[in-house]
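structure_25.cif follows; it contains mmCIF, C-alpha atoms and all ligand atoms.
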```
data_work
#
loop_
_atom_site.label_atom_id
_atom_site.label_comp_id
_atom_site.auth_asym_id
_atom_site.auth_seq_id
_atom_site.Cartn_x
_atom_site.Cartn_y
_atom_site.Cartn_z
CA MET K 1 -31.36 9.88 -11.82
CA GLU K 2 -27.83 11.24 -11.69
CA GLU K 3 -28.15 11.55 -7.94
CA LEU K 4 -28.90 7.84 -7.73
CA ILE K 5 -25.78 6.86 -9.65
CA LYS K 6 -23.68 8.94 -7.27
CA ASN K 7 -25.03 6.91 -4.36
CA ARG K 8 -24.00 3.62 -5.87
CA PRO K 9 -20.91 1.87 -4.52
CA ILE K 10 -17.51 1.66 -6.19
CA GLY K 11 -16.47 -1.95 -6.73
CA PHE K 12 -12.94 -3.15 -5.93
CA PHE K 13 -11.55 -6.61 -6.52
CA ASP K 14 -8.32 -8.54 -6.13
CA SER K 15 -7.15 -12.14 -6.13
CA GLY K 16 -7.47 -12.01 -2.36
CA VAL K 17 -6.96 -9.61 0.52
CA GLY K 18 -4.20 -7.57 -1.17
CA GLY K 19 -6.42 -5.04 -2.90
CA LEU K 20 -7.57 -3.88 0.53
CA SER K 21 -4.36 -1.82 0.56
CA VAL K 22 -5.81 0.18 -2.35
CA LEU K 23 -9.30 0.33 -0.86
CA LYS K 24 -7.80 1.67 2.35
CA LYS K 25 -6.18 4.52 0.42
CA ALA K 26 -9.48 5.24 -1.36
CA ILE K 27 -11.39 5.44 1.94
CA GLU K 28 -8.73 7.80 3.29
CA HIS K 29 -9.15 10.15 0.32
CA MET K 30 -12.88 9.72 -0.35
CA PRO K 31 -14.64 8.64 2.87
CA GLU K 32 -17.90 9.90 1.37
CA GLU K 33 -18.06 7.08 -1.17
CA ASN K 34 -19.66 3.65 -0.71
CA TYR K 35 -17.40 0.68 -1.40
CA ILE K 36 -17.84 -2.99 -2.21
CA TYR K 37 -14.76 -5.19 -2.13
CA LEU K 38 -14.43 -8.68 -3.53
CA GLY K 39 -11.40 -10.79 -2.63
CA ASP K 40 -11.03 -14.02 -4.58
CA SER K 41 -8.94 -15.80 -1.95
CA ALA K 42 -10.32 -19.19 -3.03
CA ASN K 43 -8.27 -18.75 -6.21
CA ALA K 44 -5.24 -16.82 -4.89
CA PRO K 45 -2.53 -16.49 -5.99
CA TYR K 46 -3.31 -15.35 -9.54
CA GLY K 47 0.32 -14.51 -10.34
CA VAL K 48 1.35 -18.07 -11.14
CA LYS K 49 -1.76 -18.97 -13.19
CA SER K 50 -2.11 -18.99 -16.98
CA ILE K 51 -3.22 -15.84 -18.78
CA GLU K 52 -6.50 -17.51 -19.80
CA GLU K 53 -7.23 -18.50 -16.22
CA ILE K 54 -6.49 -15.01 -14.87
CA LYS K 55 -8.75 -13.49 -17.54
CA ARG K 56 -11.56 -15.90 -16.72
CA LEU K 57 -11.37 -15.21 -12.97
CA THR K 58 -11.14 -11.47 -13.57
CA LEU K 59 -14.32 -11.51 -15.67
CA GLU K 60 -16.14 -13.45 -12.95
CA ASN K 61 -15.11 -10.85 -10.39
CA VAL K 62 -16.31 -8.00 -12.60
CA GLU K 63 -19.65 -9.72 -13.18
CA PHE K 64 -20.08 -10.17 -9.43
CA LEU K 65 -19.51 -6.47 -8.83
CA LEU K 66 -21.80 -5.44 -11.68
CA GLY K 67 -24.47 -7.60 -10.07
CA LYS K 68 -24.10 -5.41 -6.97
CA GLY K 69 -24.87 -2.28 -9.01
CA VAL K 70 -21.48 -0.58 -8.84
CA LYS K 71 -20.88 2.76 -10.62
CA ALA K 72 -17.15 2.18 -11.25
CA ILE K 73 -14.67 -0.67 -10.89
CA VAL K 74 -11.15 -0.64 -9.51
CA VAL K 75 -9.00 -3.59 -10.49
CA ALA K 76 -7.01 -3.54 -7.25
CA CYS K 77 -4.62 -6.17 -8.52
CA ASN K 78 -1.53 -5.51 -10.64
CA THR K 79 -1.71 -9.01 -12.10
CA ALA K 80 -5.33 -8.76 -13.28
CA THR K 81 -4.70 -5.23 -14.57
CA SER K 82 -1.68 -6.34 -16.61
CA VAL K 83 -3.46 -9.32 -18.08
CA ALA K 84 -7.03 -8.16 -18.58
CA ILE K 85 -7.65 -4.42 -18.33
CA GLU K 86 -7.79 -3.79 -22.08
CA GLU K 87 -10.33 -6.54 -22.58
CA LEU K 88 -12.41 -5.34 -19.66
CA ARG K 89 -12.54 -1.79 -21.01
CA ALA K 90 -13.50 -3.07 -24.46
CA LYS K 91 -16.23 -5.28 -23.04
CA TYR K 92 -17.74 -2.87 -20.52
CA ARG K 93 -17.55 0.38 -22.45
CA ASN K 94 -19.90 2.37 -20.24
CA MET K 95 -18.29 1.41 -16.95
CA PRO K 96 -15.33 3.45 -15.66
CA ILE K 97 -12.61 0.84 -14.98
CA ILE K 98 -9.44 1.84 -13.17
CA GLY K 99 -6.37 -0.37 -12.91
CA ILE K 100 -3.12 -0.36 -10.97
CA GLU K 101 0.46 -0.60 -12.18
CA PRO K 102 3.87 -0.67 -10.49
CA ALA K 103 4.85 2.86 -9.42
CA LEU K 104 7.98 2.95 -11.55
CA LYS K 105 7.43 6.54 -12.72
CA PRO K 106 7.36 7.99 -9.16
CA ALA K 107 10.43 5.90 -8.28
CA VAL K 108 12.37 7.24 -11.28
CA GLU K 109 11.25 10.78 -10.47
CA LEU K 110 12.90 10.54 -7.05
CA GLN K 111 16.18 10.82 -8.98
CA GLN K 112 18.04 8.77 -6.39
CA LEU K 113 21.33 7.08 -7.10
CA GLY K 114 21.16 3.30 -6.94
CA ARG K 115 19.03 0.41 -7.99
CA ILE K 116 15.24 0.41 -8.30
CA VAL K 117 13.84 -3.02 -7.42
CA ILE K 118 10.33 -3.84 -8.64
CA MET K 119 8.73 -6.60 -6.59
CA ALA K 120 5.72 -8.15 -8.36
CA THR K 121 4.18 -11.42 -9.47
CA ASN K 122 5.59 -13.48 -12.34
CA ALA K 123 2.55 -12.69 -14.48
CA THR K 124 2.82 -8.91 -14.00
CA LEU K 125 6.51 -8.85 -14.90
CA LYS K 126 5.99 -10.99 -18.00
CA GLU K 127 3.16 -8.96 -19.51
CA LYS K 128 3.41 -6.45 -22.36
CA LYS K 129 2.06 -3.69 -20.11
CA PHE K 130 5.13 -4.00 -17.86
CA LYS K 131 7.49 -4.10 -20.86
CA ASN K 132 5.93 -0.83 -22.08
CA LEU K 133 6.40 0.71 -18.65
CA MET K 134 10.06 -0.35 -18.67
CA ASN K 135 10.57 1.07 -22.16
CA GLU K 136 9.18 4.37 -21.03
CA TYR K 137 11.07 4.84 -17.78
CA SER K 138 14.10 2.59 -17.55
CA PHE K 139 16.53 4.48 -19.80
CA GLY K 140 19.85 4.97 -18.02
CA LYS K 141 18.50 3.44 -14.82
CA ASP K 142 19.44 0.28 -12.95
CA ILE K 143 16.05 -1.39 -12.68
CA TYR K 144 15.71 -4.88 -11.24
CA PRO K 145 12.36 -6.67 -11.77
CA LEU K 146 11.99 -9.21 -8.98
CA PRO K 147 9.28 -11.91 -9.09
CA CYS K 148 8.28 -12.92 -5.56
CA PRO K 149 6.40 -16.23 -5.71
CA GLY K 150 5.26 -17.21 -2.23
CA LEU K 151 4.97 -13.71 -0.79
CA VAL K 152 1.24 -13.35 -1.50
CA GLU K 153 0.62 -16.50 0.55
CA PHE K 154 2.15 -14.92 3.67
CA VAL K 155 -0.33 -12.04 3.44
CA GLU K 156 -3.26 -14.33 2.63
CA ASN K 157 -2.42 -16.19 5.83
CA GLY K 158 -2.23 -12.98 7.84
CA ILE K 159 1.52 -13.28 8.41
CA LEU K 160 2.80 -9.71 8.15
CA ASN K 161 5.97 -9.95 10.24
CA GLY K 162 8.20 -12.36 12.15
CA GLU K 163 11.26 -14.47 11.64
CA ARG K 164 9.95 -16.76 8.90
CA LEU K 165 8.83 -13.83 6.72
CA GLU K 166 12.09 -11.99 7.31
CA GLN K 167 14.12 -15.02 6.23
CA PHE K 168 11.94 -15.40 3.14
CA LEU K 169 12.43 -11.74 2.20
CA LYS K 170 16.18 -11.84 2.85
CA LYS K 171 16.53 -14.78 0.52
CA ILE K 172 14.37 -13.32 -2.23
CA LEU K 173 16.14 -9.94 -2.05
CA GLU K 174 19.65 -11.39 -1.79
CA GLU K 175 20.60 -11.18 -5.47
CA ALA K 176 18.98 -7.77 -6.01
CA SER K 177 20.87 -6.38 -2.98
CA LYS K 178 24.30 -6.99 -4.55
CA GLU K 179 24.08 -3.40 -5.79
CA GLU K 180 22.94 -0.64 -3.47
CA ILE K 181 19.14 -0.36 -3.54
CA ALA K 182 17.74 3.18 -3.67
CA SER K 183 14.08 2.25 -3.81
CA ILE K 184 11.67 -0.67 -3.94
CA VAL K 185 8.44 -0.53 -5.91
CA LEU K 186 5.72 -2.78 -4.50
CA GLY K 187 4.12 -3.94 -7.75
CA CYS K 188 1.57 -6.23 -6.13
CA THR K 189 -1.22 -4.97 -3.92
CA HIS K 190 -0.58 -7.62 -1.26
CA TYR K 191 2.94 -6.33 -0.55
CA PRO K 192 2.10 -3.00 1.19
CA PHE K 193 0.85 -5.11 4.11
CA VAL K 194 4.40 -6.39 4.64
CA LYS K 195 6.07 -3.05 3.91
CA GLU K 196 7.40 -2.65 7.45
CA THR K 197 9.03 -6.06 7.37
CA ILE K 198 10.58 -5.35 3.95
CA GLN K 199 11.86 -2.05 5.36
CA LYS K 200 13.37 -3.89 8.32
CA VAL K 201 15.17 -6.28 5.97
CA VAL K 202 16.55 -3.68 3.52
CA GLY K 203 17.15 -0.87 6.02
CA GLU K 204 15.66 2.56 6.66
CA LYS K 205 17.52 4.30 3.84
CA VAL K 206 15.57 2.50 1.10
CA THR K 207 12.43 4.27 -0.15
CA ILE K 208 9.47 1.92 -0.57
CA LEU K 209 6.67 2.97 -2.92
CA ASP K 210 3.41 1.50 -4.14
CA GLY K 211 0.82 2.39 -6.77
CA SER K 212 -2.24 2.85 -4.59
CA LEU K 213 -2.22 6.65 -4.41
CA GLY K 214 -1.87 6.95 -8.19
CA THR K 215 -4.82 4.61 -8.64
CA VAL K 216 -7.00 6.49 -6.17
CA LYS K 217 -6.20 9.82 -7.85
CA GLU K 218 -7.15 8.32 -11.21
CA LEU K 219 -10.37 6.94 -9.68
CA LYS K 220 -11.26 10.38 -8.36
CA ARG K 221 -10.56 12.02 -11.73
CA LYS K 222 -12.80 9.50 -13.49
CA LEU K 223 -15.64 9.95 -11.00
CA ILE K 224 -15.48 13.72 -11.47
CA ARG K 225 -15.24 13.47 -15.26
CA ASN K 226 -18.28 11.16 -15.37
CA GLU K 227 -20.14 13.35 -12.87
CA ILE K 228 -20.75 10.40 -10.56
CA LYS K 229 -18.70 11.47 -7.55
CA GLN K 230 -20.54 11.32 -4.22
CA ILE K 231 -21.05 14.64 -2.41
CA GLU K 232 -18.45 15.13 0.30
CA SER K 233 -20.80 15.64 3.23
CA GLU K 234 -21.87 11.98 3.04
CA LYS K 235 -20.27 9.17 5.05
CA GLY K 236 -19.99 6.00 3.02
CA TYR K 237 -20.17 2.31 3.86
CA VAL K 238 -17.71 -0.51 3.14
CA LYS K 239 -18.94 -4.02 2.38
CA ILE K 240 -16.41 -6.83 2.07
CA TYR K 241 -16.98 -10.10 0.23
CA ASN K 242 -14.55 -12.96 -0.18
CA THR K 243 -14.82 -16.25 -2.09
CA LEU K 244 -13.34 -17.83 1.06
CA GLU K 245 -15.65 -16.97 3.93
CA GLU K 246 -12.85 -17.46 6.48
CA LYS K 247 -10.92 -14.47 5.03
CA ILE K 248 -13.57 -11.93 5.97
CA LYS K 249 -12.22 -11.53 9.50
CA LEU K 250 -8.65 -11.06 8.24
CA SER K 251 -9.96 -8.53 5.70
CA HIS K 252 -11.48 -6.40 8.45
CA THR K 253 -8.25 -6.61 10.46
CA LEU K 254 -6.20 -5.49 7.44
CA ILE K 255 -8.47 -2.61 6.53
CA ASN K 256 -8.42 -1.32 10.11
CA ALA K 257 -4.69 -1.83 10.67
N1 LIG L 1 -2.57 -8.70 -5.43
C1 LIG L 1 -2.15 -9.13 -6.68
C2 LIG L 1 -1.35 -8.17 -7.48
O1 LIG L 1 -1.44 -7.00 -7.23
C3 LIG L 1 -2.12 -10.53 -7.11
C4 LIG L 1 -1.27 -11.44 -6.38
C5 LIG L 1 -1.53 -12.85 -6.77
O2 LIG L 1 -2.65 -13.30 -6.58
O3 LIG L 1 -0.62 -13.50 -7.27
O4 LIG L 1 -0.65 -8.54 -8.36
#
```
Whole structure given in structure tokens:
Amino acid sequence: MEELIKNRPIGFFDSGVGGLSVLKKAIEHMPEENYIYLGDSANAPYGVKSIEEIKRLTLENVEFLLGKGVKAIVVACNTATSVAIEELRAKYRNMPIIGIEPALKPAVELQQLGRIVIMATNATLKEKKFKNLMNEYSFGKDIYPLPCPGLVEFVENGILNGERLEQFLKKILEEASKEEIASIVLGCTHYPFVKETIQKVVGEKVTILDGSLGTVKELKRKLIRNEIKQIESEKGYVKIYNTLEEKIKLSHTLINA
């Protein structure tokens, strides 16, 4: 019986193609596992929607993955994690559910001089979960939360570089750049796909971090603790679903990039 659970896939979901940045990290660290990914591109972006709407969509995504027989769920979306993770854990008590949050702790631990900019969606930055994170790590630090409406859409459209994106990023980062930036935390899972362009805009000296490794480590810990981790000699499969059929091709491009 236990053996069967180990063989089941791990379910990932996001508002769109962004969570593939987390899935990619998981495959890198645990290629033996089977994965099912659901992108809800038909409803992206989540970050500008009401809390009720984000919760409703999140529940639908979880139900879809449960219907596929997953053994654990990764909420590969900072926005959905901020808004709904507590409710999800209360509702699905027997299912390991792992979320993602902006990597503020690792950024603070770098002990660099200068500003830490946290790029994320409006919803993530407004939620209590983010306020708690700030209370814990911001003391004595220059931390600049930066909502980036519009950036998710570039990634959803497969635009990861080029003049138009660079101009958009320059504009959005203009105010935050008035003080020297030490690091940028990518607090939305779509943003790692445009990391190189962000780096080009802010310069090589700025450290850019994201929360995917922390999430994958937590996933691994939970699989081990629940004794449902796949044996390492296996080679897993990856199955990608999207509520917008036309995003499947882009999803495969992103995961293989
Ligand atoms: N990828 C998402 C996140 O990590 C959501 C972006 C959005 O749909 O607004 O926050």
At a cut-off of 10 Å around ligand LIG 1 (chain L), and using only C-alpha atoms and all ligand atoms, what residues come up? Please write them as a PyMOL selection string. chain K and resi 13-22+39-41+43-49+54+75-82+100-102+119-125+148-153+155-156+186-192+211
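Of the residues listed (K:Ala84, K:Gln167, K:Lys178, K:His252), K:Ala84 shows the shortest atom-to-atom separation from Lys129 of chain K; distances use all atoms listed in the file.
Using only C-alpha atoms, the nearest neighbour of Lys229 of chain K within the list K:Pro96, K:Glu86, K:Leu250, K:Leu57 is K:Pro96.
Taking atom CA of Glu60 of chain K as the reference point, atom CA of Glu246 of chain K is found at 20.1 Å.
Of the listed residues K:Gly162, K:Gly236, K:Pro9, K:Gly69, the one whose atoms come nearest to Leu223 of chain K is K:Pro9, with distances taken using only C-alpha atoms.
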For the atom pair atom CA of Ile181 of chain K and atom CA of Arg115 of chain K, what is the interatomic distance in Å to one decimal place? 4.5 Å
List the spatial neighbours of Tyr35 of chain K as a ChimeraX atom specification - criterion: any atom at most 8 Å away, only C-alpha atoms, same-chain residues fewer than 2 positions off excluded. /K:9-12,33,37,236-239
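Closest to Ile255 of chain K among K:Ile240, K:Met134, K:Thr207, K:Val70 is K:Ile240, based on all atoms listed in the file.
Atom CA of Leu104 of chain K sits 24.8 Å away from atom CA of Leu165 of chain K.
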Extract, using all atoms listed in the file, all DNA, RNA and protein residues at most 12 Å from Ala107 of chain K, discarding same-chain residues fewer than 2 positions from it, and format them as an mmCIF file with C-alpha atoms, in the frame of the given file.
```cif
data_model
loop_
_atom_site.group_PDB
_atom_site.id
_atom_site.type_symbol
_atom_site.label_atom_id
_atom_site.label_comp_id
_atom_site.auth_asym_id
_atom_site.auth_seq_id
_atom_site.Cartn_x
_atom_site.Cartn_y
_atom_site.Cartn_z
ATOM 1 C CA PRO K 102 3.870 -0.670 -10.490
ATOM 2 C CA ALA K 103 4.850 2.860 -9.420
ATOM 3 C CA LEU K 104 7.980 2.950 -11.550
ATOM 4 C CA LYS K 105 7.430 6.540 -12.720
ATOM 5 C CA GLU K 109 11.250 10.780 -10.470
ATOM 6 C CA LEU K 110 12.900 10.540 -7.050
ATOM 7 C CA GLN K 111 16.180 10.820 -8.980
ATOM 8 C CA GLN K 112 18.040 8.770 -6.390
ATOM 9 C CA LEU K 113 21.330 7.080 -7.100
ATOM 10 C CA GLY K 114 21.160 3.300 -6.940
ATOM 11 C CA ARG K 115 19.030 0.410 -7.990
ATOM 12 C CA ILE K 116 15.240 0.410 -8.300
ATOM 13 C CA VAL K 117 13.840 -3.020 -7.420
ATOM 14 C CA ILE K 118 10.330 -3.840 -8.640
ATOM 15 C CA TYR K 137 11.070 4.840 -17.780
ATOM 16 C CA SER K 138 14.100 2.590 -17.550
ATOM 17 C CA LYS K 141 18.500 3.440 -14.820
ATOM 18 C CA ASP K 142 19.440 0.280 -12.950
ATOM 19 C CA ILE K 143 16.050 -1.390 -12.680
ATOM 20 C CA ILE K 181 19.140 -0.360 -3.540
ATOM 21 C CA ALA K 182 17.740 3.180 -3.670
ATOM 22 C CA SER K 183 14.080 2.250 -3.810
ATOM 23 C CA ILE K 184 11.670 -0.670 -3.940
ATOM 24 C CA VAL K 185 8.440 -0.530 -5.910
ATOM 25 C CA LEU K 186 5.720 -2.780 -4.500
ATOM 26 C CA GLY K 187 4.120 -3.940 -7.750
ATOM 27 C CA VAL K 206 15.570 2.500 1.100
ATOM 28 C CA THR K 207 12.430 4.270 -0.150
ATOM 29 C CA ILE K 208 9.470 1.920 -0.570
ATOM 30 C CA LEU K 209 6.670 2.970 -2.920
ATOM 31 C CA ASP K 210 3.410 1.500 -4.140
ATOM 32 C CA GLY K 211 0.820 2.390 -6.770
#
```
Do you know which residues are at most 10 Å from Met95 of chain K counting only C-alpha atoms, after dropping those on the same chain fewer than 5 positions away, and could you put them as a short mmCIF file (atom, residue, chain, number, x, y, z; two decimals) with C-alpha atoms, keeping the file's coordinate frame?
```
data_model
loop_
_atom_site.label_atom_id
_atom_site.label_comp_id
_atom_site.auth_asym_id
_atom_site.auth_seq_id
_atom_site.Cartn_x
_atom_site.Cartn_y
_atom_site.Cartn_z
CA LEU K 66 -21.80 -5.44 -11.68
CA VAL K 70 -21.48 -0.58 -8.84
CA LYS K 71 -20.88 2.76 -10.62
CA ALA K 72 -17.15 2.18 -11.25
CA ILE K 73 -14.67 -0.67 -10.89
CA LEU K 88 -12.41 -5.34 -19.66
CA ARG K 89 -12.54 -1.79 -21.01
CA ALA K 90 -13.50 -3.07 -24.46
CA ASN K 226 -18.28 11.16 -15.37
#
```
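With distances restricted to only C-alpha atoms, K:Leu213 is the closest residue to Glu28 of chain K from K:Ile97, K:Leu213, K:Val62, K:Leu146.
Among the candidates K:Ala42, K:Lys25, K:Lys91, K:Ser50, the one nearest to Glu63 of chain K when counting all atoms listed in the file is K:Lys91.
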Rebuild segment 41-58 of chain K to N, CA and C atoms - output it as a JSON list (two decimals), keeping the file's coordinate frame, please.
```json
[["chain", "number", "residue", "atom", "x", "y", "z"],
["K", 41, "SER", "N", -9.97, -15.00, -2.64],
["K", 41, "SER", "CA", -8.94, -15.80, -1.95],
["K", 41, "SER", "C", -9.02, -17.29, -2.28],
["K", 42, "ALA", "N", -10.20, -17.77, -2.68],
["K", 42, "ALA", "CA", -10.32, -19.19, -3.03],
["K", 42, "ALA", "C", -9.40, -19.52, -4.21],
["K", 43, "ASN", "N", -9.10, -18.51, -5.03],
["K", 43, "ASN", "CA", -8.27, -18.75, -6.21],
["K", 43, "ASN", "C", -6.90, -18.08, -6.15],
["K", 44, "ALA", "N", -6.55, -17.47, -5.02],
["K", 44, "ALA", "CA", -5.24, -16.82, -4.89],
["K", 44, "ALA", "C", -4.16, -17.89, -4.74],
["K", 45, "PRO", "N", -2.96, -17.67, -5.25],
["K", 45, "PRO", "CA", -2.53, -16.49, -5.99],
["K", 45, "PRO", "C", -2.84, -16.58, -7.49],
["K", 46, "TYR", "N", -3.09, -15.40, -8.09],
["K", 46, "TYR", "CA", -3.31, -15.35, -9.54],
["K", 46, "TYR", "C", -1.97, -15.36, -10.30],
["K", 47, "GLY", "N", -0.95, -14.80, -9.66],
["K", 47, "GLY", "CA", 0.32, -14.51, -10.34],
["K", 47, "GLY", "C", 1.04, -15.69, -10.97],
["K", 48, "VAL", "N", 0.68, -16.90, -10.57],
["K", 48, "VAL", "CA", 1.35, -18.07, -11.14],
["K", 48, "VAL", "C", 0.41, -18.83, -12.09],
["K", 49, "LYS", "N", -0.78, -18.29, -12.33],
["K", 49, "LYS", "CA", -1.76, -18.97, -13.19],
["K", 49, "LYS", "C", -1.56, -18.57, -14.66],
["K", 50, "SER", "N", -2.22, -19.32, -15.56],
["K", 50, "SER", "CA", -2.11, -18.99, -16.98],
["K", 50, "SER", "C", -2.90, -17.71, -17.28],
["K", 51, "ILE", "N", -2.54, -17.07, -18.38],
["K", 51, "ILE", "CA", -3.22, -15.84, -18.78],
["K", 51, "ILE", "C", -4.73, -16.08, -18.94],
["K", 52, "GLU", "N", -5.08, -17.20, -19.57],
["K", 52, "GLU", "CA", -6.50, -17.51, -19.80],
["K", 52, "GLU", "C", -7.25, -17.63, -18.48],
["K", 53, "GLU", "N", -6.60, -18.31, -17.53],
["K", 53, "GLU", "CA", -7.23, -18.50, -16.22],
["K", 53, "GLU", "C", -7.41, -17.16, -15.50],
["K", 54, "ILE", "N", -6.39, -16.32, -15.55],
["K", 54, "ILE", "CA", -6.49, -15.01, -14.87],
["K", 54, "ILE", "C", -7.60, -14.18, -15.52],
["K", 55, "LYS", "N", -7.69, -14.25, -16.85],
["K", 55, "LYS", "CA", -8.75, -13.49, -17.54],
["K", 55, "LYS", "C", -10.14, -14.00, -17.13],
["K", 56, "ARG", "N", -10.27, -15.30, -17.07],
["K", 56, "ARG", "CA", -11.56, -15.90, -16.72],
["K", 56, "ARG", "C", -11.99, -15.47, -15.30],
["K", 57, "LEU", "N", -11.05, -15.57, -14.36],
["K", 57, "LEU", "CA", -11.37, -15.21, -12.97],
["K", 57, "LEU", "C", -11.69, -13.72, -12.86],
["K", 58, "THR", "N", -10.94, -12.92, -13.60],
["K", 58, "THR", "CA", -11.14, -11.47, -13.57],
["K", 58, "THR", "C", -12.55, -11.12, -14.05]]
```
